[in-house]
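Engineer: My structure is stored as start_32.cif, with mmCIF, C-alpha atoms and all ligand atoms.
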data_start
#
loop_
_atom_site.label_atom_id
_atom_site.label_comp_id
_atom_site.auth_asym_id
_atom_site.auth_seq_id
_atom_site.Cartn_x
_atom_site.Cartn_y
_atom_site.Cartn_z
CA MET A 2 -3.59 -24.98 59.33
CA GLY A 3 -1.46 -25.51 56.24
CA ILE A 4 -2.15 -26.84 52.76
CA SER A 5 -3.19 -30.40 51.93
CA ILE A 6 -1.10 -32.33 49.47
CA GLY A 7 -1.19 -35.82 47.93
CA LEU A 8 1.96 -37.67 46.90
CA VAL A 9 1.31 -39.83 43.81
CA GLY A 10 4.13 -42.25 42.97
CA LEU A 11 6.27 -43.46 45.87
CA GLY A 12 8.86 -45.40 43.87
CA SER A 13 12.62 -44.87 43.93
CA PHE A 14 12.45 -41.14 43.23
CA GLY A 15 9.12 -40.12 44.76
CA SER A 16 9.99 -41.77 48.06
CA SER A 17 13.02 -39.46 48.46
CA PHE A 18 10.66 -36.45 48.63
CA ALA A 19 7.94 -37.80 50.92
CA ASP A 20 9.52 -36.94 54.28
CA LEU A 21 10.34 -33.44 53.06
CA PHE A 22 6.75 -32.74 51.99
CA MET A 23 5.50 -34.13 55.28
CA ALA A 24 7.96 -32.00 57.30
CA HIS A 25 7.44 -28.67 55.53
CA PRO A 26 5.97 -26.16 58.01
CA LEU A 27 3.29 -25.07 55.52
CA THR A 28 1.79 -28.53 54.91
CA GLY A 29 -1.06 -29.46 57.24
CA ARG A 30 -2.16 -32.74 55.66
CA VAL A 31 -0.29 -35.24 53.47
CA ALA A 32 -1.94 -38.12 51.58
CA LEU A 33 -0.16 -41.07 49.95
CA CYS A 34 -0.91 -42.85 46.67
CA ASP A 35 0.70 -45.73 44.79
CA ARG A 36 -0.58 -48.82 42.98
CA GLU A 37 2.06 -50.79 44.91
CA ALA A 38 0.60 -51.08 48.43
CA ASP A 39 3.99 -51.69 50.09
CA ARG A 40 5.25 -48.33 48.79
CA VAL A 41 2.40 -46.54 50.57
CA ALA A 42 2.85 -48.65 53.70
CA ALA A 43 6.54 -47.74 53.91
CA PHE A 44 5.47 -44.23 54.94
CA ALA A 45 2.04 -44.88 56.44
CA ASN A 46 3.64 -47.19 59.01
CA LYS A 47 6.54 -44.90 59.87
CA GLU A 48 6.54 -43.66 63.46
CA SER A 49 7.38 -40.11 62.38
CA TRP A 50 4.34 -40.07 60.06
CA LYS A 51 2.03 -41.42 62.75
CA ARG A 52 3.31 -38.80 65.21
CA SER A 53 3.16 -35.92 62.72
CA GLY A 54 -0.63 -35.48 62.92
CA LYS A 55 -0.51 -34.72 59.17
CA PHE A 56 -1.34 -38.22 57.90
CA LYS A 57 -4.41 -40.33 58.63
CA PRO A 58 -4.87 -43.92 57.35
CA SER A 59 -7.95 -42.93 55.31
CA ASP A 60 -5.58 -40.77 53.26
CA ALA A 61 -3.87 -43.81 51.72
CA TYR A 62 -4.93 -44.31 48.07
CA ALA A 63 -4.15 -46.95 45.45
CA THR A 64 -4.95 -45.04 42.27
CA LEU A 65 -4.75 -41.57 40.81
CA ASP A 66 -8.48 -41.75 40.04
CA ASP A 67 -9.22 -42.22 43.76
CA ILE A 68 -6.92 -39.50 45.07
CA CYS A 69 -8.30 -37.05 42.49
CA LYS A 70 -11.68 -37.39 44.28
CA ALA A 71 -10.18 -36.44 47.67
CA ASP A 72 -10.49 -32.85 48.94
CA LEU A 73 -6.78 -32.05 48.60
CA ASP A 74 -5.28 -28.77 47.40
CA ALA A 75 -2.47 -30.26 45.34
CA LEU A 76 -0.94 -33.45 43.96
CA VAL A 77 2.75 -34.19 43.56
CA ILE A 78 3.07 -36.56 40.59
CA ILE A 79 6.29 -38.58 40.53
CA THR A 80 5.19 -41.57 38.46
CA GLN A 81 6.87 -43.16 35.43
CA HIS A 82 8.06 -40.92 32.60
CA TRP A 83 5.32 -41.82 30.08
CA LEU A 84 2.57 -40.78 32.51
CA HIS A 85 3.40 -37.32 33.84
CA ALA A 86 1.60 -34.96 31.46
CA PRO A 87 -1.66 -36.96 31.12
CA GLN A 88 -1.81 -37.45 34.90
CA CYS A 89 -1.12 -33.76 35.59
CA VAL A 90 -3.87 -32.76 33.15
CA GLN A 91 -6.27 -35.20 34.89
CA ALA A 92 -5.35 -33.76 38.29
CA MET A 93 -5.82 -30.14 37.17
CA GLU A 94 -9.19 -31.06 35.63
CA ALA A 95 -10.08 -32.44 39.08
CA GLY A 96 -9.24 -29.05 40.61
CA LYS A 97 -5.78 -29.82 42.00
CA HIS A 98 -2.59 -27.78 41.70
CA VAL A 99 0.17 -30.05 40.40
CA TYR A 100 3.86 -30.76 40.75
CA CYS A 101 5.07 -32.68 37.70
CA ALA A 102 8.20 -34.85 37.83
CA VAL A 103 10.43 -34.51 34.78
CA PRO A 104 10.31 -35.13 31.91
CA LEU A 105 6.91 -33.69 31.05
CA LEU A 106 6.37 -36.82 28.99
CA SER A 107 8.79 -39.26 27.40
CA VAL A 108 7.40 -41.62 24.75
CA PRO A 109 8.94 -42.62 21.40
CA ASP A 110 6.71 -40.24 19.38
CA ALA A 111 7.99 -36.62 19.34
CA ASP A 112 4.66 -35.28 18.03
CA GLU A 113 2.83 -36.90 20.94
CA ILE A 114 5.24 -35.14 23.33
CA LEU A 115 4.61 -31.78 21.63
CA ASP A 116 0.86 -32.37 21.77
CA TRP A 117 1.06 -32.98 25.53
CA CYS A 118 3.18 -29.83 25.95
CA ASP A 119 0.29 -27.95 24.37
CA ARG A 120 -2.32 -29.70 26.51
CA ALA A 121 -0.38 -29.04 29.72
CA VAL A 122 -0.18 -25.30 28.98
CA ARG A 123 -3.80 -25.01 27.85
CA THR A 124 -5.12 -26.94 30.86
CA THR A 125 -3.06 -24.83 33.27
CA GLU A 126 -4.43 -21.65 31.68
CA ARG A 127 -8.04 -22.85 31.50
CA THR A 128 -8.27 -24.32 35.00
CA GLY A 129 -6.25 -21.58 36.73
CA ARG A 130 -4.42 -24.25 38.71
CA HIS A 131 -0.70 -23.85 39.48
CA PHE A 132 1.65 -26.19 37.65
CA MET A 133 5.22 -26.70 38.85
CA TYR A 134 7.78 -28.51 36.73
CA GLY A 135 10.03 -30.43 39.16
CA GLU A 136 13.29 -29.89 37.30
CA THR A 137 16.21 -30.75 39.58
CA THR A 138 18.65 -28.79 37.36
CA PHE A 139 16.67 -25.62 38.06
CA TYR A 140 17.71 -25.83 41.73
CA ARG A 141 21.30 -26.94 41.31
CA PRO A 142 23.57 -24.35 42.97
CA GLU A 143 25.12 -23.36 39.60
CA ALA A 144 21.70 -22.56 38.11
CA MET A 145 20.62 -20.53 41.15
CA TYR A 146 23.84 -18.50 41.03
CA CYS A 147 23.66 -17.89 37.26
CA ARG A 148 20.03 -16.75 37.46
CA ARG A 149 21.04 -14.18 40.10
CA ARG A 150 23.90 -12.93 37.89
CA ALA A 151 21.61 -12.86 34.85
CA ALA A 152 19.06 -10.78 36.79
CA GLU A 153 21.85 -8.24 37.52
CA GLY A 154 22.78 -8.15 33.82
CA ALA A 155 26.28 -9.43 34.64
CA PHE A 156 26.49 -11.67 31.55
CA GLY A 157 25.80 -8.74 29.19
CA ARG A 158 24.24 -10.19 26.05
CA PHE A 159 24.16 -13.96 25.92
CA VAL A 160 26.41 -15.31 23.19
CA TYR A 161 26.56 -19.08 23.61
CA SER A 162 25.50 -21.75 26.07
CA GLU A 163 25.96 -25.48 26.29
CA GLY A 164 24.35 -28.17 28.39
CA GLU A 165 25.05 -31.85 28.57
CA TYR A 166 23.72 -34.94 30.23
CA PHE A 167 26.08 -37.90 29.98
CA HIS A 168 24.49 -41.00 31.46
CA ALA A 169 25.89 -44.18 29.90
CA PHE A 170 23.39 -47.04 29.86
CA ASP A 171 25.94 -49.16 31.77
CA LEU A 172 27.11 -46.51 34.26
CA PRO A 173 28.11 -48.55 37.34
CA THR A 174 26.64 -46.03 39.80
CA SER A 175 23.28 -45.83 37.99
CA ASP A 176 22.84 -48.63 35.47
CA LEU A 177 19.98 -47.64 33.15
CA ARG A 178 19.20 -51.29 32.42
CA LYS A 179 18.31 -51.73 36.10
CA VAL A 180 16.39 -48.45 36.27
CA TRP A 181 14.39 -49.47 33.19
CA ALA A 182 13.67 -52.96 34.56
CA HIS A 183 12.51 -51.44 37.86
CA ARG A 184 10.15 -48.92 36.23
CA MET A 185 8.68 -51.60 33.97
CA GLY A 186 8.48 -54.15 36.78
CA SER A 187 5.57 -52.64 38.74
CA THR A 188 1.89 -53.20 37.86
CA ILE A 189 1.73 -49.86 36.03
CA GLY A 190 5.02 -50.61 34.28
CA LYS A 191 3.77 -53.93 32.92
CA GLU A 192 0.63 -52.22 31.58
CA PHE A 193 2.86 -49.99 29.44
CA LEU A 194 4.73 -52.80 27.70
CA ALA A 195 1.93 -53.51 25.20
CA ARG A 196 1.58 -49.82 24.37
CA ARG A 197 5.32 -49.58 23.90
CA ALA A 198 5.39 -52.51 21.50
CA ASP A 199 2.78 -50.68 19.42
CA TYR A 200 5.18 -47.76 18.79
CA GLY A 201 7.69 -50.35 17.53
CA ARG A 202 5.11 -51.89 15.17
CA ARG A 203 4.36 -48.43 13.77
CA GLY A 204 8.10 -47.80 13.23
CA ILE A 205 8.20 -44.91 15.71
CA ARG A 206 11.56 -44.71 17.47
CA GLY A 207 12.61 -42.22 20.10
CA GLY A 208 16.00 -41.13 21.35
CA PRO A 209 17.76 -39.58 24.34
CA MET A 210 16.50 -36.10 23.35
CA HIS A 211 13.09 -37.28 24.55
CA TYR A 212 14.46 -36.89 28.10
CA PRO A 213 16.28 -33.59 27.56
CA THR A 214 15.36 -31.45 30.50
CA HIS A 215 18.50 -31.80 32.65
CA SER A 216 20.63 -30.50 29.76
CA THR A 217 18.29 -27.85 28.32
CA GLY A 218 17.03 -26.67 31.73
CA GLY A 219 20.27 -24.93 32.80
CA PRO A 220 20.78 -22.65 29.77
CA ILE A 221 17.07 -21.94 29.21
CA SER A 222 16.35 -21.12 32.85
CA VAL A 223 19.35 -18.78 33.09
CA THR A 224 19.13 -16.95 29.76
CA GLY A 225 15.35 -16.70 29.73
CA ALA A 226 15.54 -17.39 26.00
CA HIS A 227 13.81 -20.23 24.21
CA ALA A 228 14.79 -22.40 21.27
CA VAL A 229 13.66 -21.15 17.87
CA LYS A 230 15.45 -23.47 15.42
CA VAL A 231 17.43 -26.69 15.76
CA SER A 232 19.66 -29.03 13.82
CA CYS A 233 20.54 -32.29 15.56
CA ARG A 234 22.78 -35.26 14.77
CA GLY A 235 22.30 -38.80 16.03
CA PHE A 236 24.92 -41.43 16.83
CA GLY A 237 24.76 -45.16 17.28
CA PRO A 238 23.92 -47.26 19.08
CA ALA A 239 27.36 -48.77 18.66
CA SER A 240 26.81 -51.38 21.37
CA ARG A 241 24.79 -54.51 20.77
CA ASP A 242 23.68 -54.45 24.40
CA GLU A 243 20.13 -55.62 25.07
CA TYR A 244 19.39 -52.14 26.52
CA PHE A 245 19.03 -50.67 23.02
CA ALA A 246 16.77 -53.50 21.90
CA VAL A 247 14.54 -52.77 24.88
CA THR A 248 14.38 -48.99 24.49
CA GLN A 249 14.13 -49.28 20.68
CA ASP A 250 15.70 -45.81 20.45
CA ALA A 251 16.90 -44.74 17.01
CA PHE A 252 20.11 -43.29 18.50
CA SER A 253 22.10 -43.72 21.70
CA ASN A 254 23.57 -40.18 21.59
CA GLU A 255 22.19 -36.95 20.17
CA THR A 256 23.97 -33.59 19.72
CA ALA A 257 21.91 -30.51 18.86
CA LEU A 258 22.65 -26.91 17.92
CA PHE A 259 19.90 -24.36 18.54
CA THR A 260 19.25 -20.77 17.50
CA MET A 261 17.76 -19.07 20.53
CA SER A 262 15.14 -16.31 20.72
CA ASP A 263 17.78 -13.79 21.95
CA GLY A 264 20.10 -14.48 18.98
CA SER A 265 22.48 -16.67 21.00
CA THR A 266 23.42 -20.26 20.17
CA MET A 267 22.88 -23.27 22.45
CA ARG A 268 24.55 -26.68 22.10
CA ILE A 269 22.95 -29.64 23.88
CA CYS A 270 24.28 -33.21 24.25
CA GLU A 271 22.14 -36.10 25.49
CA TYR A 272 24.37 -39.20 25.56
CA ARG A 273 23.55 -42.70 26.76
CA GLU A 274 26.57 -44.47 25.28
CA ILE A 275 29.82 -42.86 26.34
CA GLY A 276 33.01 -43.83 28.18
CA PHE A 277 32.66 -41.11 30.75
CA ARG A 278 31.64 -41.00 34.38
CA GLY A 279 28.18 -39.44 34.57
CA ARG A 280 27.99 -35.69 34.05
CA GLU A 281 25.21 -33.14 34.11
CA THR A 282 26.37 -29.58 33.60
CA PHE A 283 26.03 -26.36 31.66
CA ARG A 284 28.26 -23.44 30.67
CA ILE A 285 27.09 -19.98 29.68
CA TYR A 286 29.02 -17.23 27.88
CA GLY A 287 28.01 -13.58 27.59
CA THR A 288 29.55 -10.40 26.19
CA GLU A 289 30.46 -9.21 29.73
CA GLY A 290 30.65 -12.34 31.88
CA SER A 291 30.64 -16.12 31.66
CA PHE A 292 30.19 -19.16 33.87
CA GLU A 293 31.81 -22.57 33.57
CA ASP A 294 32.77 -25.28 36.07
CA ASN A 295 31.83 -23.26 39.18
CA VAL A 296 33.95 -20.30 38.04
CA TRP A 297 32.62 -16.85 37.22
CA HIS A 298 34.71 -15.09 34.53
CA ASP A 299 34.75 -11.50 33.43
CA LYS A 300 37.34 -9.59 31.39
CA LYS A 301 39.55 -8.96 34.42
CA SER A 302 39.20 -11.95 36.71
CA ALA A 303 38.10 -15.52 37.34
CA THR A 304 36.35 -16.25 40.65
CA GLU A 305 35.89 -19.80 41.88
CA LEU A 306 32.65 -20.23 43.82
CA SER A 307 31.78 -22.62 46.60
CA VAL A 308 28.45 -24.45 46.68
CA PRO A 309 27.13 -22.36 49.63
CA GLU A 310 28.04 -19.17 47.72
CA MET A 311 26.07 -20.33 44.70
CA ARG A 312 22.94 -21.52 46.52
CA ASP A 313 19.94 -19.35 47.31
CA LYS A 314 18.99 -19.27 50.99
CA LEU A 315 16.20 -21.50 52.26
CA PRO A 316 14.05 -20.01 55.06
CA ALA A 317 15.63 -21.00 58.40
CA GLU A 318 12.47 -22.67 59.73
CA VAL A 319 12.14 -24.80 56.57
CA GLU A 320 15.77 -25.87 56.73
CA ALA A 321 15.37 -26.77 60.41
CA ALA A 322 12.23 -28.82 59.72
CA PHE A 323 13.94 -30.72 56.89
CA ARG A 324 17.00 -31.41 59.04
CA ALA A 325 14.82 -32.75 61.88
CA ALA A 326 12.83 -34.97 59.48
CA ARG A 327 15.87 -36.65 57.95
CA PRO A 328 18.78 -36.27 60.39
CA GLU A 329 20.76 -39.01 58.65
CA HIS A 330 20.73 -37.18 55.26
CA ASP A 331 22.16 -33.98 53.85
CA VAL A 332 19.46 -31.37 54.46
CA TYR A 333 19.28 -30.32 50.79
CA GLY A 334 18.75 -33.86 49.49
CA GLY A 335 19.83 -35.43 46.19
CA HIS A 336 20.57 -34.20 42.65
CA GLY A 337 22.93 -31.40 43.58
CA GLY A 338 20.97 -30.53 46.70
CA SER A 339 17.88 -29.61 44.67
CA HIS A 340 15.27 -31.67 46.50
CA ALA A 341 14.78 -29.31 49.45
CA TYR A 342 14.33 -26.34 47.10
CA LEU A 343 11.84 -28.18 44.89
CA VAL A 344 9.69 -29.13 47.87
CA HIS A 345 9.87 -25.68 49.43
CA GLU A 346 9.08 -23.88 46.17
CA PHE A 347 6.00 -25.97 45.47
CA VAL A 348 4.56 -25.84 48.98
CA ASP A 349 5.27 -22.13 49.36
CA ALA A 350 3.77 -21.31 45.94
CA ILE A 351 0.55 -23.22 46.69
CA ALA A 352 0.28 -21.82 50.23
CA HIS A 353 0.63 -18.25 48.88
CA ASP A 354 -1.39 -18.84 45.71
CA ARG A 355 1.42 -17.77 43.38
CA ARG A 356 2.92 -19.28 40.24
CA PRO A 357 5.94 -21.54 40.96
CA ALA A 358 9.28 -20.29 39.61
CA CYS A 359 9.72 -23.35 37.39
CA ASP A 360 6.27 -23.28 35.81
CA VAL A 361 4.56 -25.01 32.91
CA TYR A 362 6.02 -22.53 30.38
CA GLN A 363 9.56 -23.37 31.53
CA GLY A 364 8.76 -27.09 31.43
CA VAL A 365 7.50 -27.09 27.85
CA ARG A 366 10.48 -25.02 26.70
CA TYR A 367 12.94 -27.59 28.13
CA MET A 368 10.90 -30.43 26.63
CA ALA A 369 9.96 -29.12 23.17
CA ALA A 370 13.60 -28.27 22.40
CA GLY A 371 14.50 -31.94 22.80
CA ALA A 372 11.47 -33.37 21.00
CA VAL A 373 12.09 -31.26 17.89
CA ALA A 374 15.85 -31.97 18.08
CA HIS A 375 15.07 -35.67 17.85
CA LYS A 376 12.84 -35.09 14.82
CA SER A 377 15.75 -33.23 13.19
CA ALA A 378 18.15 -36.09 13.96
CA LEU A 379 15.74 -38.52 12.28
CA ARG A 380 15.87 -36.24 9.20
CA ASP A 381 19.68 -36.15 9.05
CA GLY A 382 20.01 -32.78 10.79
CA GLU A 383 17.37 -30.85 8.85
CA ILE A 384 16.84 -27.41 10.45
CA LEU A 385 13.41 -27.39 12.13
CA ASP A 386 11.35 -24.73 13.95
CA VAL A 387 10.76 -25.25 17.68
CA PRO A 388 7.28 -24.24 18.92
CA ASP A 389 6.91 -21.95 21.92
CA TRP A 390 3.99 -21.23 24.23
CA GLY A 391 5.32 -17.93 25.63
CA ASP A 392 6.08 -17.32 29.27
CA GLY A 393 2.52 -16.64 30.42
CA ARG A 394 3.34 -13.06 31.48
N1 LIG B 401 16.60 -35.76 38.42
C1 LIG B 401 15.32 -36.00 38.26
O1 LIG B 401 14.54 -35.07 38.11
C2 LIG B 401 14.82 -37.41 38.27
C3 LIG B 401 15.56 -38.44 38.84
C4 LIG B 401 15.01 -39.73 38.90
C5 LIG B 401 13.73 -39.96 38.40
N2 LIG B 401 13.04 -38.93 37.85
C6 LIG B 401 11.68 -39.14 37.31
O2 LIG B 401 10.85 -39.59 38.36
C7 LIG B 401 9.89 -40.50 37.86
C8 LIG B 401 9.71 -41.68 38.81
O3 LIG B 401 10.90 -42.45 38.81
P1 LIG B 401 11.03 -43.70 39.80
O4 LIG B 401 12.38 -44.26 39.58
O5 LIG B 401 10.61 -43.30 41.17
O6 LIG B 401 9.92 -44.68 39.17
P2 LIG B 401 9.22 -45.89 39.90
O7 LIG B 401 8.74 -46.79 38.85
O8 LIG B 401 10.12 -46.40 40.98
O9 LIG B 401 7.97 -45.21 40.65
C9 LIG B 401 6.81 -44.76 39.98
C10 LIG B 401 5.62 -45.12 40.86
O10 LIG B 401 4.43 -44.49 40.37
C11 LIG B 401 3.35 -45.37 40.65
N3 LIG B 401 2.19 -45.02 39.80
C12 LIG B 401 2.19 -44.72 38.48
N4 LIG B 401 0.96 -44.43 38.06
C13 LIG B 401 0.13 -44.55 39.12
C14 LIG B 401 -1.26 -44.38 39.30
N5 LIG B 401 -2.08 -44.03 38.28
N6 LIG B 401 -1.79 -44.56 40.53
C15 LIG B 401 -0.99 -44.93 41.55
N7 LIG B 401 0.36 -45.10 41.44
C16 LIG B 401 0.92 -44.91 40.24
C17 LIG B 401 3.91 -46.75 40.35
O11 LIG B 401 3.18 -47.77 40.97
C18 LIG B 401 5.34 -46.62 40.90
O12 LIG B 401 5.46 -47.08 42.23
C19 LIG B 401 10.37 -40.94 36.47
O13 LIG B 401 9.44 -40.54 35.52
C20 LIG B 401 11.65 -40.23 36.26
O14 LIG B 401 11.70 -39.65 34.99
C21 LIG B 401 13.54 -37.66 37.78
#
Go ahead and express the file in the form of C-alpha cells.
Structural biologist:
Amino acid sequence: MGISIGLVGLGSFGSSFADLFMAHPLTGRVALCDREADRVAAFANKESWKRSGKFKPSDAYATLDDICKADLDALVIITQHWLHAPQCVQAMEAGKHVYCAVPLLSVPDADEILDWCDRAVRTTERTGRHFMYGETTFYRPEAMYCRRRAAEGAFGRFVYSEGEYFHAFDLPTSDLRKVWAHRMGSTIGKEFLARRADYGRRGIRGGPMHYPTHSTGGPISVTGAHAVKVSCRGFGPASRDEYFAVTQDAFSNETALFTMSDGSTMRICEYREIGFRGRETFRIYGTEGSFEDNVWHDKKSATELSVPEMRDKLPAEVEAAFRAARPEHDVYGGHGGSHAYLVHEFVDAIAHDRRPACDVYQGVRYMAAGAVAHKSALRDGEILDVPDWGDGR
C-alpha cells in the first residue's frame, strides 16, 4: 500500500522533488501544501498526478497547521531557510516523520540557531519520529565514494580536510539577489520582513557561515568526526551592492579553521563575494589515502574516478520509476545528482522504520560548526568551543 507523505513548500526547490516523491514505488499517497495556491495547482492539475492514483484533491493544503492535522506518515519540509527547524519540530510534535531542507535554520542570530539545533535533537529523541536532514552534499558522488573508502579504513587516520562553498552574490547562473527577492516575495516571505528588521534594530548581524552545510557536510559526513573548536575570520563586504544592505550580514566571506574530535584539522570557506565561478567541493587527506578533485591518491598511485564509479547504486525499480516520471530530466536530478538519492533514502527509511543515513545528529553537526564559526569571526577569530549532541548511537 505504501507510505503517505505530505510535501510542504513547492517553491523553486521543493517543486524539483515533487515528481520523484510521487513516483517512488514505496509511496502510496502524496499530499501537497503551499501558501501559494498556484504552486499546489501546478502539481494537482498535472495529468501524471491525476493518473497516479496517489493524489486526491482533498489532499491539497494551504498551511502547515492544516497538513499537520492530516493522517499522513511523514512531511517533507522545503520551505524558506528561516522556517525549517521550527516547522520540523511542529510536524514531529504532530506525530509526523520529517525531511528537513537545509540549512536547519538560518537567521542572523547564531545563538538562536544553536538553540534550534538542540530543540530538533530533543524533539526527535522524545517523539521517536525519524528526522532526515536533506543535505545535497551528502549524496554528491564524491561524498558517497569517500564514505565507502572511509568505511574500509582506506584513508588511515584523518589528517586534514577542507570544504568550500563559493557562491558570489552576483553569480550570473544563480544570482543571489534574485533568489533572495523570490523567497521574500511570497506571502510567507513578506511576513518575515518585519521580524528580520528586528534583528537589525537589535544589532544582530549574521554571515555566510549561517548557511554552512554544503561546505561542512562533505568532511563531517566522510570523517565521522565533529568540530570541537573553531577560529574564524570575516572579510568584507567590499562591494556596496544593495545585496549586502538587504542581508545585513556582518561579512560577505568567512574562513574557519576547526579542531576536530579525531584530532584532525578542517578548513571551511563560505564566500558570497568572490571572482570565481560557483564551486562546492571538499578534499580529504589521511595518513594512508587522500581524495581531491575526483582523484583517489595513495602513496603509490593516483586514480581518477568517473561519476558512475563514485556513486552508490540506486535500486533498479526506483531508478526506473524516476526515469519514467521525468523522462526529460537526468534521472538523478540536480545538485550533483543528489535529488534521487535524497528522495529514495527518506521514503525507504520511513517505509522500513529505520533512521535515515543523514539524520538529525549529522544535521546539527554541519550547522553548529558554522554558527559558532560566525560567533568567532564577530570576536576577531577568538577560539570558541563547538557544542555537539552525539551521534545518537
Ligand atoms: N542544495 C540545497 O540543498 C538547496 C538548494 C536550493 C534551496 N535549498 C533550500 O530550500 C528551501 C526552499 O527554497 P526555495 O527556493 O524553493 O524557496 P521558495 O521561497 O521558492 O519556496 C518556499 C515555499 O514554502 C512555502 N511555505 C513556507 N511556509 C509555509 C507554510 N507554513 N505553509 C505552507 N507553505 C509554506 C512558501 O509559500 C513557498 O512557496 C530554502 O530554505 C533553501 O535553503 C536548498
Engineer: Considering only C-alpha atoms, tabulate each residue of range 252-356 of chain A that lies at most 12 Å from range 77-97 of chain A along with its nearest interatomic pair and the corresponding distance in Å to one decimal; arrange the rows by chain and ascending residue number and present them as a Markdown table.
Structural biologist:
| residue | atom | partner | partner_atom | distance |
| --- | --- | --- | --- | --- |
| A:Leu343 | CA | A:Val77 | CA | 11.0 |
| A:Val344 | CA | A:Val77 | CA | 9.6 |
| A:Phe347 | CA | A:Val77 | CA | 9.0 |
| A:Val348 | CA | A:Val77 | CA | 10.1 |
| A:Ile351 | CA | A:Lys97 | CA | 10.3 |
Engineer: Please provide the set of residues having any atom within 8 Å of range 199-216 of chain A, restricted to only C-alpha atoms, with same-chain residues fewer than 6 positions apart removed, written as an MDAnalysis selection string.
Structural biologist: chainID A and resid 103:104 107:111 136:138 164:166 249:255 269:273 281:283 364 367:368 370:372 374:375
Engineer: Taking only C-alpha atoms and all ligand atoms into account, name the residue in A:Leu306, A:Leu106, A:Ala75, A:Val332 that is nearest to ligand LIG 401 (chain B).
Structural biologist: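 Ranking A:Leu306, A:Leu106, A:Ala75, A:Val332 by distance to ligand LIG 401 (chain B), first place goes to A:Leu106.
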Engineer: To one decimal place, how far is CA of Val31 in chain A from CA of Ile6 in chain A in Å?
Structural biologist: 5.0 Å
Engineer: When you count all atoms listed in the file, which of these residues is closest to ligand LIG 401 (chain B): A:Ala19, A:Val308, A:Leu8, A:Cys34?
Structural biologist: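 Closest residue, counting all atoms listed in the file: A:Cys34.
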Engineer: Nearest residue to Pro309 in chain A out of A:Arg141, A:Arg30, A:Lys47, A:Lys70, using all atoms listed in the file?
Structural biologist: A:Arg141
Engineer: First collect every listed atom of range 311-320 of chain A; then fit an axis-aligned box around them, widen it by 8 Å on each side, and give centre and edge lengths in Å to one decimal, as lines of an AutoDock Vina configuration file.
Structural biologist:
center_x = 19.1
center_y = -22.6
center_z = 52.2
size_x = 29.9
size_y = 22.6
size_z = 31.0
Engineer: One decimal, Å: what's the distance from CA of Ser17 in chain A over to atom C17 of ligand LIG 401 (chain B), could you say?
Structural biologist: 14.2 Å
Engineer: I need the residue nearest ligand LIG 401 (chain B) from this list: A:Pro316, A:Gly393, A:Gly335, A:Gly279. Use all atoms listed in the file for the distance.
Structural biologist: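 Checking each of A:Pro316, A:Gly393, A:Gly335, A:Gly279 against ligand LIG 401 (chain B), counting all atoms listed in the file, the winner is A:Gly335.
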Engineer: With distances taken over all atoms listed in the file, which residue among A:Ala32, A:Cys147, A:Met267, A:Val9 lies nearest ligand LIG 401 (chain B)?
Structural biologist: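 Among the listed residues, the smallest separation from ligand LIG 401 (chain B) belongs to A:Val9.
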Engineer: So, counting all atoms listed in the file, which residue among A:Ile189, A:Val296, A:Cys233, A:Ala169 is closest to ligand LIG 401 (chain B)?
Structural biologist: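 Selected residue with least distance to ligand LIG 401 (chain B): A:Ile189.
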Engineer: At what distance in Å, to one decimal, does atom C2 of ligand LIG 401 (chain B) lie from CA of Ala341 in chain A?
Structural biologist: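 Separation of CA of Ala341 in chain A and atom C2 of ligand LIG 401 (chain B): 13.8 Å.
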Engineer: At a cut-off of 6 Å around the point (3.9, -31.4, 42.3) (file coordinates), what residues fall inside when counting only C-alpha atoms? I'd like the answer as a VMD selection string.
Structural biologist: chain A and resid 76 to 78 99 to 101 133
Engineer: Applying 12 Å and all atoms listed in the file, which residues near Glu305 in chain A remain after dropping the ones on its own chain fewer than 2 positions away? List them as a list in words.
Structural biologist: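 So, after excluding close chain neighbours, the residues are Glu143, Phe292, Glu293, Asp294, Asn295, Val296, Trp297, His298, Asp299, Ser302, Ala303, Ser307, Val308, Pro309, Glu310 and Met311 of chain A.
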Engineer: Neighbouring residues of Tyr140 in chain A were defined as those with any atom within 8 Å, considering all atoms listed in the file; residues of the same chain fewer than 5 positions away were excluded. Please report them as a ChimeraX atom specification.
Structural biologist: /A:145,337-340,342-343
Engineer: Just save range 195-203 of chain A with N, CA and C atoms, as a short mmCIF file (atom, residue, chain, number, x, y, z; two decimals), in the first residue's frame.
Structural biologist:
data_model
loop_
_atom_site.label_atom_id
_atom_site.label_comp_id
_atom_site.auth_asym_id
_atom_site.auth_seq_id
_atom_site.Cartn_x
_atom_site.Cartn_y
_atom_site.Cartn_z
N ALA A 195 9.37 41.95 8.67
CA ALA A 195 9.32 42.71 9.93
C ALA A 195 10.22 42.06 10.97
N ARG A 196 10.17 40.72 11.03
CA ARG A 196 11.00 40.01 12.01
C ARG A 196 12.48 40.25 11.73
N ARG A 197 12.80 40.28 10.43
CA ARG A 197 14.18 40.48 10.03
C ARG A 197 14.69 41.87 10.43
N ALA A 198 13.82 42.86 10.25
CA ALA A 198 14.20 44.22 10.61
C ALA A 198 14.50 44.30 12.11
N ASP A 199 13.81 43.49 12.89
CA ASP A 199 14.01 43.50 14.34
C ASP A 199 15.44 43.05 14.71
N TYR A 200 15.98 42.05 14.00
CA TYR A 200 17.37 41.65 14.26
C TYR A 200 18.28 42.86 14.04
N GLY A 201 18.01 43.60 12.93
CA GLY A 201 18.83 44.77 12.62
C GLY A 201 18.78 45.79 13.74
N ARG A 202 17.56 46.04 14.26
CA ARG A 202 17.40 47.03 15.34
C ARG A 202 18.18 46.61 16.59
N ARG A 203 18.26 45.28 16.80
CA ARG A 203 18.97 44.79 17.99
C ARG A 203 20.48 44.64 17.72
#
